[in-house]
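Asks: What follows is the file query-v1.txt, containing compact mmCIF, C-alpha atoms:
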# COMPACT_ATOMS: atom_id res chain seq x y z
CA MET A 767 107.02 75.23 110.66
CA THR A 768 108.88 75.12 107.35
CA ILE A 769 107.38 75.20 103.85
CA LYS A 770 109.37 74.24 100.76
CA THR A 771 108.37 75.86 97.50
CA GLN A 772 109.47 76.67 93.96
CA ILE A 773 108.92 80.26 92.78
CA THR A 774 108.22 80.54 89.05
CA PRO A 775 107.88 83.55 86.72
CA ALA A 776 104.08 83.05 86.92
CA ASP A 777 104.27 83.36 90.73
CA TRP A 778 106.25 86.59 90.34
CA ARG A 779 103.65 88.00 87.93
CA ALA A 780 100.94 87.13 90.47
CA LEU A 781 102.80 89.18 93.10
CA VAL A 782 103.15 92.13 90.70
CA ARG A 783 99.39 92.01 89.95
CA PHE A 784 98.63 91.75 93.68
CA VAL A 785 100.80 94.79 94.48
CA ALA A 786 99.30 96.81 91.60
CA ARG A 787 95.75 95.94 92.68
CA ARG A 788 96.47 96.92 96.29
CA ALA A 789 98.06 100.21 95.17
CA GLY A 790 94.96 101.04 93.14
CA ASN A 791 92.71 100.40 96.15
CA ASP A 792 94.58 102.82 98.37
CA PRO A 793 92.18 105.58 99.54
CA GLN A 794 94.79 108.27 98.86
CA SER A 795 95.15 106.96 95.30
CA ARG A 796 91.38 107.12 94.80
CA VAL A 797 91.21 110.70 96.08
CA THR A 798 94.08 111.70 93.79
CA ARG A 799 92.39 110.14 90.75
CA LEU A 800 89.11 111.87 91.61
CA PHE A 801 90.87 115.23 92.06
CA VAL A 802 92.67 114.89 88.72
CA ALA A 803 89.42 113.95 86.93
CA VAL A 804 87.57 116.93 88.43
CA ALA A 805 90.47 119.28 87.62
CA ILE A 806 90.57 118.10 83.99
CA GLY A 807 86.79 118.47 83.72
CA ALA A 808 86.94 121.98 85.17
CA LEU A 809 89.78 122.93 82.84
CA LEU A 810 87.90 121.63 79.80
CA GLY A 811 84.78 123.50 80.94
CA LEU A 812 86.74 126.75 81.33
CA LEU A 813 88.33 126.30 77.90
CA SER A 814 84.95 125.67 76.34
CA VAL A 815 83.36 128.74 77.96
CA SER A 816 86.27 131.13 77.40
CA SER A 817 87.07 130.03 73.86
CA ALA A 818 85.23 131.60 70.96
CA VAL A 819 85.71 128.38 69.03
CA GLY A 820 84.47 126.02 71.75
CA LEU A 821 85.25 122.37 72.12
CA HIS A 822 83.84 119.63 69.97
CA ALA A 823 82.29 117.14 72.45
CA MET A 824 83.06 114.04 70.37
CA SER A 825 86.70 115.11 69.99
CA VAL A 826 86.99 115.54 73.76
CA TRP A 827 85.54 112.06 74.40
CA VAL A 828 87.71 110.37 71.76
CA GLY A 829 90.79 112.17 73.12
CA ALA A 830 89.95 111.11 76.68
CA VAL A 831 89.44 107.46 75.65
CA CYS A 832 92.72 107.46 73.69
CA ALA A 833 94.58 108.98 76.65
CA ILE A 834 93.16 106.37 79.04
CA LEU A 835 94.07 103.53 76.66
CA TRP A 836 97.58 104.93 76.27
CA ILE A 837 98.13 105.18 80.02
CA TRP A 838 96.70 101.67 80.54
CA SER A 839 98.94 100.23 77.79
CA VAL A 840 102.09 101.86 79.15
CA ALA A 841 101.29 100.59 82.67
CA ARG A 842 100.76 97.03 81.37
CA ILE A 843 104.01 97.11 79.39
CA ARG A 844 105.94 98.37 82.44
CA MET A 845 104.41 95.67 84.66
CA GLN A 846 105.36 92.99 82.13
CA SER A 847 108.92 94.29 81.91
CA MET A 848 109.42 93.79 85.65
CA VAL A 849 110.86 90.31 85.36
CA PRO A 850 113.36 88.84 87.80
CA ALA A 851 116.61 87.41 86.47
CA PRO A 852 116.54 83.63 85.99
CA ASP A 853 119.77 83.37 88.00
CA GLY A 854 118.75 85.95 90.64
CA TYR A 855 117.47 85.31 94.13
CA ILE A 856 113.70 85.64 93.50
CA LEU A 857 113.02 82.60 91.32
CA GLY A 858 113.72 78.99 92.16
CA PRO A 859 113.47 76.66 95.14
CA ARG A 860 113.27 78.05 98.66
CA GLU A 861 112.18 77.37 102.19
CA VAL A 862 110.03 79.66 104.33
CA ASP A 863 110.37 79.03 108.04
CA VAL A 864 107.95 80.44 110.64
CA SER A 865 109.47 80.89 114.08
CA ASP A 866 109.05 83.07 117.15
CA GLU A 867 111.89 85.24 115.83
CA GLY A 868 110.19 85.98 112.49
CA LEU A 869 109.98 84.68 108.94
CA ARG A 870 113.13 83.23 107.47
CA GLU A 871 113.53 82.55 103.78
CA ARG A 872 116.35 80.42 102.42
CA SER A 873 117.41 79.56 98.90
CA ASP A 874 120.65 78.52 97.24
CA ARG A 875 121.46 82.21 96.74
CA HIS A 876 120.30 83.94 99.92
CA GLU A 877 118.98 83.75 103.45
CA SER A 878 116.80 86.48 104.98
CA LEU A 879 115.12 86.99 108.32
CA PHE A 880 112.16 89.35 108.59
CA ARG A 881 111.13 90.02 112.16
CA TRP A 882 107.39 89.98 112.83
CA ALA A 883 107.20 93.76 113.23
CA THR A 884 108.15 94.01 109.53
CA VAL A 885 105.14 92.04 108.29
CA ARG A 886 102.40 94.40 107.08
CA VAL A 887 99.79 92.15 105.45
CA VAL A 888 99.19 88.45 105.04
CA GLU A 889 96.65 87.64 102.36
CA CYS A 890 95.57 84.73 100.20
CA SER A 891 94.90 85.88 96.66
CA GLY A 892 94.09 83.40 93.94
CA ASP A 893 96.60 80.58 94.08
CA HIS A 894 99.07 82.38 96.34
CA LEU A 895 99.67 83.48 99.89
CA PHE A 896 101.44 86.83 99.99
CA ILE A 897 103.22 87.91 103.15
CA MET A 898 104.01 91.55 102.53
CA VAL A 899 106.99 93.11 104.34
CA ASP A 900 106.75 96.41 102.46
CA THR A 901 104.31 98.05 100.07
CA SER A 902 105.78 96.23 97.08
CA ALA A 903 107.94 93.46 98.56
CA GLY A 904 106.98 90.24 100.20
CA PHE A 905 107.09 86.49 100.41
CA ILE A 906 105.38 84.53 97.66
CA VAL A 907 104.02 81.23 98.93
CA PRO A 908 102.15 79.39 96.18
CA LEU A 909 99.27 77.39 97.64
CA ARG A 910 100.58 74.35 95.74
CA SER A 911 103.41 74.34 98.31
CA PHE A 912 101.05 72.92 100.91
CA PRO A 913 100.42 69.18 100.60
CA SER A 914 97.00 69.59 102.22
CA LEU A 915 94.45 72.18 103.26
CA SER A 916 95.13 71.37 106.92
CA GLU A 917 98.85 72.16 106.49
CA ARG A 918 97.96 75.47 104.83
CA GLU A 919 95.64 76.31 107.75
CA GLN A 920 98.35 75.30 110.23
CA PHE A 921 100.83 77.61 108.48
CA LEU A 922 98.32 80.50 108.45
CA ASP A 923 97.49 79.90 112.13
CA GLU A 924 101.18 80.06 113.01
CA VAL A 925 101.64 83.30 111.07
CA GLN A 926 98.44 84.78 112.50
CA ARG A 927 99.66 84.04 116.00
CA HIS A 928 102.49 86.53 115.37
CA VAL A 929 100.81 89.08 113.08
CA SER A 930 97.73 90.99 114.20
CA SER A 931 96.86 92.38 110.74
CA CYS A 932 96.47 88.94 109.20
CA SER A 933 93.82 88.74 106.47
CA ARG A 934 92.57 85.43 105.11
CA SER A 935 90.49 86.90 102.33
CA ALA A 936 89.90 84.58 99.39
CA ALA A 937 91.53 81.68 101.25
Show this structure as structure tokens.
Replies:
Amino acid sequence: MTIKTQITPADWRALVRFVARRAGNDPQSRVTRLFVAVAIGALLGLLSVSSAVGLHAMSVWVGAVCAILWIWSVARIRMQSMVPAPDGYILGPREVDVSDEGLRERSDRHESLFRWATVRVVECSGDHLFIMVDTSAGFIVPLRSFPSLSEREQFLDEVQRHVSSCSRSAA
């Protein structure tokens, strides 16, 4: 089965948001964030107890909020700066072909074959189907590429036949 689509900058941004959201939901990432928060709290507690001056609680809270806003702002700016070149291979028209061999993507600038063992996750998110072949790389298939809901389901069924970790969340 072959799907023809047009990848736009908005589709790319959707993939970047999807990858960032998945990275934040990683259990290891959660444990790391919890450990850092506890370590900072313990350090502030030790400073407060061992210091003759002590810490001003409001200053600590304002400093923490400012640090969080700074980190959030820098992350947003970096995400927004990740833009593919208009004349590169990511944006523009392409075909995605599902076969027994794997997923093949063709455009005017490239042709790639990803064998089924490479596919890690298949998930519908918002207006897109993402077929991830690495933690931060994958196929973007906008749902507008399917003329009908039955064709989308047929495509997903064909992919699911080959990939055991297929997820249809939010489909």
Asks: I'd like the box whose edges run along x, y and z of the file and which contains every listed atom of region 887-900 of chain A, padded by 6 Å per side; could you state its centre and edge lengths in Å, one decimal, as lines of an AutoDock Vina configuration file?
Replies:
center_x = 100.5
center_y = 88.5
center_z = 99.7
size_x = 24.9
size_y = 27.8
size_z = 23.5
Asks: Find, counting all atoms listed in the file, the residue in A:His876, A:Arg844, A:Arg881, A:Arg788 that gets nearest to Val925 (chain A).
Replies: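 Result for the nearest residue to Val925 (chain A): A:Arg881.
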Asks: Mind giving me the straight-line distance from CA of Trp827 (chain A) to CA of Ile843 (chain A) in Å, one decimal?
Replies: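 Between CA of Trp827 (chain A) and CA of Ile843 (chain A) the gap is 24.3 Å.
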Asks: Can you tell me which residues surround region 890-900 of chain A at a distance of at most 10 Å, considering only C-alpha atoms, apart from same-chain residues fewer than 3 positions away, and format the answer as a PyMOL selection string?
Replies: chain A and resi 777+780-781+784-785+869+880-887+903-911+918+922+925+932-937
Asks: Interatomic distance between CA of Val782 (chain A) and CA of Met845 (chain A)?
Replies: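 For CA of Val782 (chain A) relative to CA of Met845 (chain A), the distance reads 7.1 Å.
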Asks: To one decimal in Å, tell me the separation between CA of Thr774 (chain A) and CA of Ser902 (chain A).
Replies: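 A separation of 17.8 Å between them.
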Asks: How would you write as a VMD selection string the residues that get within 12 Å of (118.0, 78.9, 103.5) in the file's frame, counting all atoms listed in the file?
Replies: chain A and resid 768 to 771 855 859 to 863 869 to 879
Asks: Would you list the contacts of Ala830 (chain A) as a list in words, taking every protein, DNA or RNA residue within 12 Å and counting only C-alpha atoms, but skipping same-chain residues closer than 6 positions in sequence?
Replies: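 Final neighbour list, sorted by chain and number: Ala803, Ile806, Gly807, Leu810, Ala823, Met824, Trp836 and Ile837 of chain A.
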Asks: For Glu867 (chain A), which of A:Met848, A:Arg787, A:Ala776, A:His928 is the closest residue, counting all atoms listed in the file?
Replies: A:His928
